[in-house]
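Visitor: The structure under discussion is supplied below as structure tokens; questions concerning it will follow.
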Amino acid sequence: MISPTPPIASVIPSVSPEAAIPLRTELRDISKRFGATQAVDSVSLDLRSGEVHALVGENGAGKSTLVKVLAGIYAPDSGSIFLDGQRMVIRGPANARQLGIAVVHQEPSLFPDLSVAENVFLGHQPSGRFGSIAWGSMRTAARRLFEELDVRLDVASPVRGLSMADQQLVEIAKALSVEARVLILDEPTASLSAHEVDRLFAIARQARERGVAVLFVNHRLEEVFELSDRVTVLRDGRRVITADTSDLTTADLVRHMVGRDVTMFPKVATTAGEVLLEARDLTRSDAFMNVSFSVRAGEILGFAGLVGAGRTEIARVLFGIDRADSGEIRLAGQPVRFDSPAAALSNGVAYVPEDRHQEGLVLDFSIASNVSLPILPRLFPRLFVHRETERRLAADYAERLSVRSTGVDQLVGALSGGNQQKVLIAKWLATKPRVLILDEPTRGIDIGAKAEVHRIIADLAASGLAIILISSELPEVLAMSDRILVMHEGRITAELARADATEEQVMFAATGQQAHGDRPTAPVPTVD
Amino acid sequence: MSSAVAPGRSTNWVRGLARWEVLLALILAALVWIGSIVSPFFLTPGNFSNLTVAVIEVAIMALPMSLIVIAGEIDLSVESMVGLSSSVLGYLWAAGIPLWIGIPAVLVIGALGGLLNGLLVTRGGLPSLVVTLGTLALFRGLALVVLGPRSISQFPPEFTNFGFGNVPGTPIPWPLVVFTIVAVVLGLVLHRTWVGRQIFALGRNQGTARYSGVRVVRTKTGLFVLSGTIAALAGVILTARFASARADAGQGMTLTVVTIVLLGGVNIFGGSGTILGVVLAVFTLAVLENALRLANIAAELQSISVGLLLIVSVTVPNVARQAGQAFHRVRAGRSPPSGSIVPGE
């Protein structure tokens with residue numbers, strides 16, 4: 001009952017003695033489906049003891065789903081997991097940890113009010129007399145753990161005050177506080193500085209030397225080359241290739257990542273008019289830096305990049321939700337500064353947000369009430385809402401966008417995702433905007449509805465709107481845009497004309513690689 | 001006002017009959033019937049006047065409170081604003097300042113108190129529960145500073161007559177006229193204008209409302225200003241009715257105001273409710289209290305029965321509605337293939 005010095009896993013996990021032969025963790029034919037999306041399609045992956053295995057792919061390629069299957073967060077629809085040749089069923093995250101699978105998630109998920117030591121040992125605290133927590137030995141163990149990681153942190157202080165990078169290190173210590181055979185690092189470098197990345201890499205290498213299999217999920221290709229022994233590329237939920245990293249070049253990797261199969265999108269007739277919206281040296285700290293671009297009437301300007309590159313943050317500034325620290329926005333030549341969405345709205349800027357349910361629609365309002373919401377004051381200057389006017393207006397836009405419903409009185413929450421998206425676009429079209437910003441307009445809707453949304457976007461451009469299209473789907477950006485800006489970590493890294501743009505070029509720029517071509521990296525002045 | 005529902009409601013008549021307002025009206029009718037059996041005085045005009053006036057301050061304050069709760073906030077400070085209003089009015093009168101200056105002055109104080117609440121909630125980004133709990137104490141403290149433990153009386157008869165007198169030739173008390181005007185105006189604003197629509201949108205989904213150009217700060221601050229002003233007005237009415245100004249006026253009223261709002265079918269989590277429901281809840285509560293008193297039921301038992309009725313009537317519709325909403329969410333969340341329509345609603 002009394003265990004004053006509880007068994008604490010040796011700090012950097014080591015291989016058990018009988019395992020002189022390499023341990024193997026194997027995923028065989030794993031599939032996972034969410035609604036209409038086949039997130040992971042029969043993927044096999046083996047992780048060898050003592051290797052760093054990189055997992056790369058575009059947004060939505062299935063990386064996180066695969067990681068979550070291995071971490072016990074999702075149960076696969078089919079396929080099996082073998083540990084040392086033995087078939088295992090992982091029954092949840094706690095079970096995964098018992099089996100020696102440790103995960104460092106991209107977003108630290110710590111308890112801000114608990115101390116560093118408590119967070120590290122949460123769920124397996126060393127216990128003292130009568131099952132109470134042995135605070136002293138817990139702190140000592142935590143201190144020893146951080147010493148071995150060569151990290152100086154006060155283990156008794158609450159996590160709340162720590163920087164993002166330190167929190168990430170606490171996550172890593174937490175992962176390593178149990179005997180781990182597999183250490184999953186899910187995009188761990190996103191919030192780290194160069195020095196901290198070095199330290200993380202040293203920790204990963206140390207773990208590799210002790211015989212741990214490290215699965216390294218990452219977007220940054222240079223880091224993949226620096227750290228990994230082997231690499232697996234996923235695309236559209238399928239495995240494209242697994243190879244020794246040294247056998248591949250960056251170009252190979254990018255080529256494997258892109259080239260998704262997709263249906264054709266309608267082509268856009270380009271009849272660009274005057275410049276409607278222009279941004280000059282727009283900067284918002286921690287979001288984006290020195291961003292300059294312009295959009296013309298009738299033009300679709302695509303914003304490509306990986307999730308977190310700063311594209312939505314720019315849109316939020318253009319729409320008056322956030323404010324830029326510096327820089328200038330001009331609307332039809334006039335400098336503007338919107339302090340609220342209402343102000344942007346009355347100046348003809350509309351933003352179709354990415355999150356339909358939290359920012360786009362009121363699900364338990366009718367179609368008519370949703371469509372009229374942004375323009376109520378304009379529509380009814382005498383305060384009183386005239387239902388018939390409202391319903392007619394909504395019916396008109398619903399018909400133009402072929403929204404399928406039982407009528408404009410139907411609740412939006414009862415519609416399919418694709419039809420909800422069409423209502424959302426209808427809502428913003430009803431504001432009669434000059435500039436329309438679309439943020440991931442086809443996310444989470446099925447192929448048929450996607451094609452319809454693309455047709456609508458093309459028609460809108462043809463009718464003279466200036467459109468900014470933010471999309472993480474490369475084929476979509478390439479097919480729909482007249483020009484493409486590629487962002488990487490808050491900066492525009494490439495500007496490509498429709499004719500020149502290829503998936504490889506965009507992916508190069510989006511992953512922060514030097515684009516092969518005549519385009520420089522770093523901020524590009526607008527061509528206008 | 002009966003068709004004045006939150007946007008998007010079905011007009012199906014079966015659903016219409018099952019509305020909370022209809023149930024409330026039936027409960028109210030049953031209570032009136034019981035009351036008429038219990039006491040021969042119950043159905044007299046004089047008693048009608050009594051029973052409404054007995055709850056009139058609470059009733060008036062429940063109206064703006066409904067709008068605030070629908071917008072997803074709450075104002076707990078109203079009862080202290082009643083006390084502050086009464087104290088300042090009494091103080092000014094005692095200092096020789098005429099009521100035609102004193103009354104507008106306390107209404108302005110009410111508006112300023114509401115402005116303070118509103119700015120702390122919107123600009124300060126603090127939860128209204130906490131902010132108005134703070135001003136609940138603050139306003140009461142100010143009232144005590146102004147008047148201390150004394151009470152001011154000797155108000156002119158025209159003023160006190162407004163408190164307990166009737167409109168000449170009718171059994172309708174003057175404060176009920178005030179209540180009716182406020183109810184009609186707020187009912188129209190909430191259910192017929194786009195301001196009301198924006199209030200519903202705020203309560204249902206503040207993120208979407210903001211992205212749709214609803215001026216969140218302006219709208220919510222406006223509602224708190226309204227609530228403060230009406231609470232000050234309730235303080236004026238209370239002072240007139242008792243012909244006495246006291247710092248402890250209105251103590252304990254907030255709880256009753258909030259219960260009326262909930263009994264009226266307003267969702268405590270915001271986003272739905274009607275003024276009609278709240279008006280019915282006012283009369284239900286007034287009739288119940290009155291009937292119990294006429295039946296000579298001991299005060300403790302009166303209090304217990306009122307409390308029980310409130311708990312039951314607040315629990316039942318809210319639980320039922322939330323279960324229904326959860327059910328619809330689950331169904332709506334399962335995204336059906338494009339083009340197909342989820343049946344129902």
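If you're wondering about the labels, chains in the structure tokens are A, B, ... by order shown, residues count from 1 in each chain, ligands from 1 in order shown.
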Any idea what's packed within 10 Å of Arg150 of chain B, counting only C-alpha atoms, ignoring anything in its chain fewer than 6 positions away? Could you give it as a PyMOL selection string?
Guide: chain B and resi 87+144+245-247
Visitor: Using only C-alpha atoms, which residues sit within 10 Å of Gln86 of chain A once same-chain residues fewer than 6 positions away are excluded, as a list of chain:residue names?
Guide: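 With the cut-off at 10 Å, the set is A:Arg24, A:Thr25, A:Glu26.
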Visitor: At a cut-off of 9 Å, using only C-alpha atoms, what residues contact Ala142 of chain A? Leave out same-chain residues fewer than 3 positions from it and give the result as a VMD selection string.
Guide: chain A and resid 116 to 118 120 to 121 137 to 139 145 to 147 155 173 177
Visitor: Using N, CA and C atoms, can you export the residues from the last selection as a compact mmCIF listing (two decimals), in the first residue's frame?
Guide:
```txt
# COMPACT_ATOMS: atom_id res chain seq x y z
N VAL A 116 3.04 22.56 -12.99
CA VAL A 116 3.74 21.82 -14.04
C VAL A 116 3.83 20.34 -13.66
N ALA A 117 4.25 20.08 -12.42
CA ALA A 117 4.42 18.69 -11.99
C ALA A 117 3.09 17.94 -12.03
N GLU A 118 2.03 18.59 -11.57
CA GLU A 118 0.72 17.93 -11.58
C GLU A 118 0.27 17.60 -12.99
N VAL A 120 2.22 17.04 -15.55
CA VAL A 120 3.05 15.97 -16.10
C VAL A 120 2.55 14.61 -15.62
N PHE A 121 2.19 14.54 -14.34
CA PHE A 121 1.85 13.24 -13.78
C PHE A 121 0.34 13.03 -13.65
N SER A 137 7.64 13.45 -3.87
CA SER A 137 8.29 12.61 -4.88
C SER A 137 7.82 12.98 -6.28
N MET A 138 6.59 13.51 -6.37
CA MET A 138 6.11 13.92 -7.69
C MET A 138 6.96 15.08 -8.21
N ARG A 139 7.20 16.05 -7.33
CA ARG A 139 8.00 17.20 -7.76
C ARG A 139 9.43 16.78 -8.10
N LEU A 145 12.92 14.81 -14.56
CA LEU A 145 12.49 14.69 -15.95
C LEU A 145 12.94 15.90 -16.77
N PHE A 146 12.69 17.09 -16.23
CA PHE A 146 13.06 18.29 -16.97
C PHE A 146 14.57 18.46 -17.06
N GLU A 147 15.28 17.99 -16.00
CA GLU A 147 16.74 18.05 -16.06
C GLU A 147 17.25 17.22 -17.24
N VAL A 155 8.81 23.46 -11.48
CA VAL A 155 7.76 22.44 -11.58
C VAL A 155 6.59 22.73 -10.65
N ALA A 173 7.18 16.45 -21.76
CA ALA A 173 7.56 15.79 -20.53
C ALA A 173 6.46 14.85 -20.07
N SER A 177 6.72 10.86 -19.48
CA SER A 177 6.69 10.46 -18.07
C SER A 177 6.23 9.01 -17.93
```
Visitor: Write down as a VMD selection string the residues of segment 37-120 of chain B whose backbone DSSP state falls under helix (DSSP H, G or I).
Guide: chain B and resid 37 to 38 45 to 53 56 to 70 78 to 94 99 to 120
Visitor: Hey, what's within 12 Å of Ser78 of chain A if we count only C-alpha atoms and toss same-chain stuff fewer than 5 positions away? As a PyMOL selection string, please?
Guide: chain A and resi 27-33+40-44+69+89
Visitor: Could you take the residues named above and write them with C-alpha atoms, as a short mmCIF file (atom, residue, chain, number, x, y, z; two decimals), in the first residue's frame?
Guide:
```
data_model
loop_
_atom_site.label_atom_id
_atom_site.label_comp_id
_atom_site.auth_asym_id
_atom_site.auth_seq_id
_atom_site.Cartn_x
_atom_site.Cartn_y
_atom_site.Cartn_z
CA LEU A 27 -1.05 -0.04 -38.60
CA ARG A 28 -2.61 -2.31 -41.18
CA ASP A 29 -5.30 -1.21 -43.64
CA ILE A 30 -6.78 1.41 -41.35
CA SER A 31 -9.92 3.14 -42.65
CA LYS A 32 -11.98 5.85 -41.04
CA ARG A 33 -14.96 7.64 -42.46
CA VAL A 40 -8.39 7.62 -44.03
CA ASP A 41 -8.67 4.92 -46.66
CA SER A 42 -6.93 1.63 -46.01
CA VAL A 43 -3.64 3.09 -44.84
CA SER A 44 -0.81 0.91 -43.62
CA VAL A 69 -6.56 6.39 -34.40
CA VAL A 89 -7.46 -2.99 -29.86
#
```
Visitor: Would you mind listing, for every residue of chain A within 9 Å of chain B, the two atoms forming the shortest contact and the distance between them in Å to one decimal, using only C-alpha atoms, sorted by chain and ascending residue number, as a Markdown table?
Guide:
```
| residue | atom | partner | partner_atom | distance |
| --- | --- | --- | --- | --- |
| A:Gly35 | CA | B:Ser335 | CA | 7.2 |
| A:Ala36 | CA | B:Pro337 | CA | 7.9 |
| A:Phe319 | CA | B:Tyr211 | CA | 8.7 |
| A:Ile321 | CA | B:Tyr211 | CA | 7.8 |
| A:Ser340 | CA | B:Gly213 | CA | 7.4 |
| A:Pro341 | CA | B:Gly213 | CA | 5.0 |
| A:Ala342 | CA | B:Gly213 | CA | 3.9 |
| A:Ala343 | CA | B:Gly213 | CA | 7.6 |
| A:Ala344 | CA | B:Gly213 | CA | 8.4 |
| A:Leu345 | CA | B:Gly213 | CA | 6.8 |
| A:Ser346 | CA | B:Gly213 | CA | 8.9 |
| A:Tyr351 | CA | B:Tyr211 | CA | 8.1 |
| A:Val352 | CA | B:Tyr211 | CA | 9.0 |
| A:Pro353 | CA | B:Tyr211 | CA | 8.3 |
| A:Arg356 | CA | B:Thr208 | CA | 8.5 |
| A:His357 | CA | B:Thr208 | CA | 7.9 |
| A:Gln358 | CA | B:Gly207 | CA | 5.7 |
| A:Glu359 | CA | B:Thr208 | CA | 4.0 |
| A:Gly360 | CA | B:Thr208 | CA | 5.2 |
| A:Leu361 | CA | B:Thr208 | CA | 5.8 |
| A:Val362 | CA | B:Asn205 | CA | 6.0 |
| A:Leu363 | CA | B:Arg204 | CA | 8.5 |
| A:Asp364 | CA | B:Gly8 | CA | 6.9 |
| A:Phe365 | CA | B:Gly8 | CA | 4.8 |
| A:Ser366 | CA | B:Gly8 | CA | 4.2 |
| A:Ile367 | CA | B:Gly8 | CA | 7.8 |
| A:Ala368 | CA | B:Gly8 | CA | 8.1 |
| A:Ser369 | CA | B:Pro7 | CA | 6.5 |
| A:Leu373 | CA | B:Ser212 | CA | 6.4 |
| A:Pro374 | CA | B:Ser212 | CA | 4.6 |
| A:Ile375 | CA | B:Gly213 | CA | 8.3 |
| A:Leu376 | CA | B:Trp194 | CA | 6.0 |
| A:Pro377 | CA | B:Trp194 | CA | 6.9 |
| A:Phe380 | CA | B:Trp194 | CA | 7.6 |
| A:Arg382 | CA | B:Thr193 | CA | 8.5 |
| A:Leu383 | CA | B:Thr193 | CA | 5.0 |
| A:Phe384 | CA | B:Thr193 | CA | 4.1 |
| A:Val385 | CA | B:Thr193 | CA | 5.1 |
| A:His386 | CA | B:Arg192 | CA | 8.3 |
| A:Val403 | CA | B:Gly339 | CA | 8.2 |
| A:Arg404 | CA | B:Gly339 | CA | 5.7 |
| A:Ser405 | CA | B:Ile341 | CA | 6.5 |
| A:Thr406 | CA | B:Ile341 | CA | 7.8 |
| A:Asp409 | CA | B:Gly8 | CA | 6.0 |
| A:Gln410 | CA | B:Gly8 | CA | 6.9 |
| A:Leu411 | CA | B:Gly8 | CA | 6.1 |
| A:Val412 | CA | B:Gly8 | CA | 8.9 |
| A:Gly413 | CA | B:Ala332 | CA | 5.5 |
| A:Ala414 | CA | B:Ala332 | CA | 5.1 |
| A:Leu415 | CA | B:Ile341 | CA | 5.9 |
| A:Ser416 | CA | B:Ser335 | CA | 5.3 |
| A:Gly417 | CA | B:Ser335 | CA | 6.0 |
| A:Gly418 | CA | B:Ser338 | CA | 6.0 |
| A:Asn419 | CA | B:Ser338 | CA | 7.0 |
| A:Trp428 | CA | B:Ser212 | CA | 8.7 |
| A:Ile445 | CA | B:Ser338 | CA | 8.0 |
| A:Asp446 | CA | B:Ser338 | CA | 6.8 |
| A:Ile447 | CA | B:Ser338 | CA | 8.9 |
| A:Gly448 | CA | B:Ser338 | CA | 7.3 |
| A:Ala449 | CA | B:Ser338 | CA | 6.5 |
```
Visitor: Would you mind listing what lies within 7 Å of Met81 of chain B as a list in words, with only C-alpha atoms counted and same-chain residues fewer than 4 positions away left out?
Guide: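 So the residues in contact are Ser77, Ser85, Gly110, Phe139, Gly228, Ala231 and Ala232 of chain B.
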Visitor: Pick out the closest residue to Ala111 of chain B from this set: B:Leu309, B:Ala286, B:Val225, B:Val257. Count only C-alpha atoms.
Guide: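 Among B:Leu309, B:Ala286, B:Val225, B:Val257, it is B:Val225 that comes nearest to Ala111 of chain B.
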Visitor: Give me the residues within 12 Å of Gly273 of chain A as a PyMOL selection string, counting only C-alpha atoms and dropping any in the same chain fewer than 3 places off.
Guide: chain A and resi 270+276-277+294-300+332+461-466
Visitor: Would you list the contacts of segment 472-487 of chain A as a list in words, taking every protein, DNA or RNA residue within 6 Å and counting only C-alpha atoms, but skipping same-chain residues closer than 6 positions in sequence?
Guide: Ile300, Leu301, Gly302, Phe303, Ala304, Gly305, Ala309, Thr493, Ala494, Glu495, Leu496, Ala497, Arg498 and Ala510 of chain A
Visitor: Measuring between only C-alpha atoms, which one of B:Gly270, B:Gly307, B:Gly35, B:Gly90 shows the shortest distance to Ser153 of chain B?
Guide: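 Of B:Gly270, B:Gly307, B:Gly35, B:Gly90, the one nearest Ser153 of chain B, counting only C-alpha atoms, is B:Gly90.
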Visitor: Could you state the separation of atom CA of Ile101 of chain A and atom CA of Ala180 of chain A in Å, given to one decimal place?
Guide: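 Result for atom CA of Ile101 of chain A versus atom CA of Ala180 of chain A: 5.7 Å, one decimal.
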Visitor: So which residues of segment 133-248 of chain A fall under strand (DSSP E) by DSSP, listed as JSON, numbers by chain?
Guide: {"A": [182, 183, 184, 185, 186, 213, 214, 215, 216, 217, 230, 231, 232, 233, 234, 235, 238, 239, 240, 241, 242, 243, 244]}
Visitor: Between atom CA of Asp322 of chain A and atom CA of Leu223 of chain B, what distance in Å does the model show, to one decimal?
Guide: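 Straight-line distance from atom CA of Asp322 of chain A to atom CA of Leu223 of chain B works out to 25.0 Å.
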Visitor: With distances taken over only C-alpha atoms, which of B:Glu158, B:Ala62, B:Ala95, B:Leu233 is nearest to Ile109 of chain B?
Guide: B:Leu233
